[in-house]
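J.: Following this message is one structure expressed as structure tokens.
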Amino acid sequence: MSIEFYVMSTIMGISLLVWLYRKGKRTIAWVRKVRRAFRGICFNPNSTLNEECCRKIAVGALYAAQQGAYQDSLETGIRDVLPQILGEWWGISGTVSARKELDYLCEKGYRYYYPFLLQAFHEEDEERQETIFQENMTSQEDYDKIIYLYQNLCETYDELIDCHVISGYEDLVRLGVAGWDAGRICFLARACYDMEYISESEAWSYIDRAYVLAHQECASWQDFAMSYIIGRSLWGGKEACNSVMKNTADELLSVEKSPWVRYAW
């Protein structure tokens with residue numbers, strides 16, 4: 001056999017191994033994704049947290065349920081996908097970016113835009129809507145963002161009613177979006193701790209702030225959950241899958257083992 005044959009065989013063999021390796025990684029990732037999707041409300045068997053700490057972590061229960069994460073520990077149990085969640089979705093790659101994003105959510109979040117969003121949504125005149133945006137947004141970035149949020153609200157308002165998240169405009173006013181901001185702060189703090197971007201004391205500091213925010217603005221787990229879904233609807237528009245999120249919230253509000261059932265508001 002010629003040298004060319006051996007070279008070609010070697011190249012083909014290496015190519016096959018690379019293909020199998022890549023396919024294997026994709027298969028493993030797919031299996032993990034499916035596994036998480038069917039985990040439901042899950043708990044860390046090694047958790048030593050007391051009831052007070054678990055009640056605080058429950059503020060991030062909806063986000064945790066989406067990702068198949070633990071509901072009762074700082075550790076999420078999904079460390080294998082946190083690089084994607086934090087890096088690709090949040091742009092967080094280390095301590096500096098973690099603190100920056102968490103501080104932003106604590107100090108601003110969607111709560112900054114929401115009052116002006118509601119004012120514009122209540123107006124029928126497009127020029128008046130534009131005036132509200134122009135007068136209250138102090139940067140082009142904020143202006144672009146509130147336009148995006150407004151479009152998503154218009155796109156999903158009827159869906160939010162159909163899913164029984166709200167019954168009308170008055171519920172948008174009453175419920176707000178603090179649940180969305182607080183839920184993200186809580187889960188993000190846990191994820192950043194899990195990746196060793198922030199310390200345990202820092203994580204609890206952010207979770208405490210999320211807990212206080214949620215209880216200042218919401219009256220119950222029910223209201224908190226709907227507030228979270230409203231915020232997510234603004235974030236994702238038609239891609240937010242509001243019916244799926246409502247089902248997840250209903251499960252957390254009713255299943256006996258759920259932290260929302262176990263720990264009173």
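Chain labels follow the order of the structure tokens: the first chain is A, the next B, and so on; residue numbering restarts at 1 in every chain, and ligands are counted from 1 in their shown order.
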What's the 10 Å shell around Trp204 of chain A, counting only C-alpha atoms, without same-chain residues fewer than 6 positions away, as a CSV table (one decimal) with C-alpha atoms, in the first residue's frame?
T.:
chain,number,residue,atom,x,y,z
A,53,CYS,CA,-32.4,31.2,54.2
A,56,LYS,CA,-35.0,34.1,50.8
A,57,ILE,CA,-33.7,31.8,48.1
A,74,LEU,CA,-26.6,28.5,47.3
A,186,CYS,CA,-31.5,36.1,43.6
A,189,ALA,CA,-26.3,35.8,42.8
A,190,ARG,CA,-26.4,32.1,43.3
A,193,TYR,CA,-21.3,32.3,43.7
A,210,ALA,CA,-33.8,40.8,46.4
J.: Using only C-alpha atoms, determine which residues lie at most 10 Å from segment 198-201 of chain A, disregarding the query and same-chain residues fewer than 2 positions distant; provide the list as an MDAnalysis selection string.
T.: chainID A and resid 74 94:96 98:99 189:196 203:207
J.: Could you give me, as a list in words, the residues within 8 Å of Asn152 of chain A, counting only C-alpha atoms and dropping anything in the same chain fewer than 4 positions from it?
T.: Tyr148, Thr156, Ser233, Leu234, Trp235, Gly236, Gly237 and Lys238 of chain A
J.: Grab the atom CA of Glu217 of chain A to atom CA of Gly168 of chain A distance for me, in Å with one decimal place.
T.: 18.9 Å
J.: Check the smallest atom-to-atom distance from each of A:Ile147, A:Leu82, A:Ala249, A:Val212 to Ala65 of chain A using only C-alpha atoms, then report the winner.
T.: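 Selected residue with least distance to Ala65 of chain A: A:Ala249.
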J.: Can you pull out the residues contacting Glu107 of chain A? Cut-off 12 Å, using only C-alpha atoms, and skip same-chain residues under 2 positions away; I want them as a compact mmCIF listing (two decimals) with N, CA and C atoms, in the first residue's frame.
T.:
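File produced: around01.txt:
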# COMPACT_ATOMS: atom_id res chain seq x y z
N ARG A 99 -20.46 41.67 39.55
CA ARG A 99 -20.88 42.74 40.45
C ARG A 99 -21.58 43.85 39.69
N LYS A 100 -21.08 44.17 38.51
CA LYS A 100 -21.69 45.24 37.71
C LYS A 100 -23.13 44.90 37.35
N GLU A 101 -23.38 43.67 36.91
CA GLU A 101 -24.73 43.28 36.51
C GLU A 101 -25.66 43.19 37.71
N LEU A 102 -25.17 42.62 38.80
CA LEU A 102 -26.00 42.50 39.99
C LEU A 102 -26.33 43.87 40.58
N ASP A 103 -25.36 44.76 40.59
CA ASP A 103 -25.62 46.12 41.10
C ASP A 103 -26.62 46.85 40.22
N TYR A 104 -26.52 46.64 38.91
CA TYR A 104 -27.48 47.26 37.98
C TYR A 104 -28.90 46.79 38.27
N LEU A 105 -29.07 45.49 38.47
CA LEU A 105 -30.40 44.95 38.74
C LEU A 105 -30.94 45.46 40.07
N GLY A 109 -32.64 48.00 37.01
CA GLY A 109 -33.48 46.94 36.46
C GLY A 109 -34.61 47.46 35.60
N TYR A 110 -35.67 46.67 35.46
CA TYR A 110 -36.83 47.09 34.68
C TYR A 110 -37.68 48.10 35.44
N ARG A 111 -37.47 48.18 36.75
CA ARG A 111 -38.26 49.11 37.57
C ARG A 111 -38.06 50.56 37.13
N TYR A 112 -36.90 50.86 36.60
CA TYR A 112 -36.60 52.22 36.15
C TYR A 112 -37.51 52.63 34.99
N ALA A 178 -41.22 44.37 39.89
CA ALA A 178 -40.21 44.13 40.92
C ALA A 178 -39.96 42.63 41.10
N ASP A 181 -37.29 41.64 38.57
CA ASP A 181 -35.95 42.09 38.97
C ASP A 181 -35.43 41.30 40.16
N ALA A 182 -36.27 41.11 41.18
CA ALA A 182 -35.85 40.41 42.39
C ALA A 182 -35.52 38.95 42.10
N ILE A 185 -32.14 38.81 40.39
CA ILE A 185 -31.05 39.11 41.32
C ILE A 185 -30.71 37.88 42.15
N TYR A 206 -26.68 40.16 48.14
CA TYR A 206 -27.56 40.40 46.99
C TYR A 206 -28.90 39.72 47.17
N ARG A 209 -31.05 41.71 49.40
CA ARG A 209 -31.61 42.88 48.72
C ARG A 209 -32.79 42.48 47.84
N ALA A 210 -32.66 41.33 47.19
CA ALA A 210 -33.76 40.83 46.36
C ALA A 210 -34.98 40.52 47.21
N LEU A 213 -36.63 43.80 48.31
CA LEU A 213 -37.31 44.40 47.15
C LEU A 213 -38.62 43.70 46.88
J.: Going by DSSP on the backbone, which residues of segment 25-252 of chain A come out as alpha helix (DSSP H)? List them as number ranges by chain.
T.: A: 25-37, 51-57, 61-67, 82, 90, 95-107, 114-122, 126-136, 140-162, 169-175, 178-194, 200-217, 221-236, 242-252
J.: To one decimal place in Å, what is the distance between atom CA of Cys106 of chain A and atom CA of Gly231 of chain A?
T.: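 Interatomic distance, atom CA of Cys106 of chain A to atom CA of Gly231 of chain A: 14.7 Å.
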J.: What's the 7 Å shell around Trp180 of chain A, counting only C-alpha atoms, without same-chain residues fewer than 2 positions away, as a PyMOL selection string?
T.: chain A and resi 177-178+182-184+227-229+231-232
J.: Could you turn the residues from that selection into a file that holds C-alpha atoms, as a PDB file, in the first residue's frame?
T.:
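See part-v8.pdb below for the written result:
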ATOM      1  CA  VAL A 177     -42.088  44.249  37.618  1.00  0.00           C
ATOM      2  CA  ALA A 178     -40.213  44.128  40.921  1.00  0.00           C
ATOM      3  CA  ALA A 182     -35.845  40.411  42.390  1.00  0.00           C
ATOM      4  CA  GLY A 183     -36.103  36.903  40.955  1.00  0.00           C
ATOM      5  CA  ARG A 184     -33.195  37.539  38.605  1.00  0.00           C
ATOM      6  CA  SER A 227     -44.961  40.360  38.529  1.00  0.00           C
ATOM      7  CA  TYR A 228     -42.121  38.107  37.416  1.00  0.00           C
ATOM      8  CA  ILE A 229     -44.074  36.926  34.376  1.00  0.00           C
ATOM      9  CA  GLY A 231     -41.308  41.444  33.480  1.00  0.00           C
ATOM     10  CA  ARG A 232     -40.325  38.391  31.480  1.00  0.00           C
TER      11      ARG A 232
END
J.: Go through A:Leu175, A:Cys154, A:Val244, A:Cys163 and flag the residue nearest Leu62 of chain A, using only C-alpha atoms for the distances.
T.: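 Checking each candidate against Leu62 of chain A, we get A:Val244 as the closest.
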J.: When you look at Thr248 of chain A with a cut-off of 10 Å (counting only C-alpha atoms), what residues show up, excluding the ones that are within fewer than 4 positions of it in the same chain? I need them as a list in words.
T.: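 The filter keeps Gly40, Ile41, Ala61, Leu62, Tyr63, Ala65, Gln66, Ala225, Asn242, Ser243, Val244, Leu252 and Leu253 of chain A.
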J.: Would you save the residues of that selection, restricted to N, CA and C atoms, as a short mmCIF file (atom, residue, chain, number, x, y, z; two decimals), in the first residue's frame?
T.:
data_model
loop_
_atom_site.label_atom_id
_atom_site.label_comp_id
_atom_site.auth_asym_id
_atom_site.auth_seq_id
_atom_site.Cartn_x
_atom_site.Cartn_y
_atom_site.Cartn_z
N GLY A 40 -38.20 19.19 37.40
CA GLY A 40 -39.24 19.89 38.15
C GLY A 40 -38.64 20.64 39.32
N ILE A 41 -39.37 20.64 40.44
CA ILE A 41 -38.91 21.31 41.65
C ILE A 41 -37.95 20.37 42.37
N ALA A 61 -37.15 31.29 42.78
CA ALA A 61 -37.67 29.95 42.48
C ALA A 61 -38.10 29.78 41.03
N LEU A 62 -38.69 30.80 40.43
CA LEU A 62 -39.14 30.66 39.04
C LEU A 62 -37.96 30.50 38.09
N TYR A 63 -36.95 31.32 38.29
CA TYR A 63 -35.75 31.21 37.45
C TYR A 63 -35.09 29.85 37.68
N ALA A 65 -36.50 27.09 38.67
CA ALA A 65 -37.33 26.04 38.08
C ALA A 65 -37.14 25.95 36.57
N GLN A 66 -37.00 27.11 35.92
CA GLN A 66 -36.76 27.13 34.48
C GLN A 66 -35.50 26.36 34.12
N ALA A 225 -45.23 36.14 41.64
CA ALA A 225 -45.10 35.32 40.45
C ALA A 225 -45.62 36.04 39.21
N ASN A 242 -45.32 32.89 27.68
CA ASN A 242 -46.02 33.24 28.91
C ASN A 242 -46.89 32.10 29.45
N SER A 243 -47.49 31.31 28.58
CA SER A 243 -48.33 30.21 29.05
C SER A 243 -47.50 29.17 29.79
N VAL A 244 -46.30 28.91 29.29
CA VAL A 244 -45.40 27.95 29.95
C VAL A 244 -44.97 28.50 31.31
N LEU A 252 -45.48 26.00 41.26
CA LEU A 252 -44.79 26.49 42.46
C LEU A 252 -45.77 26.99 43.51
N LEU A 253 -46.90 27.48 43.07
CA LEU A 253 -47.90 28.01 44.00
C LEU A 253 -48.79 26.93 44.61
#
J.: Could you tell me which of A:Glu52, A:Asp80, A:Glu141, A:Glu251 comes closest to Asp208 of chain A if we count only C-alpha atoms?
T.: A:Glu52
J.: Give the answer as one residue: which of A:Cys241, A:Ile166, A:Leu188, A:Leu118 has the shortest atom-to-atom distance to Ile92 of chain A, using only C-alpha atoms?
T.: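 The closest residue to Ile92 of chain A is A:Leu188.
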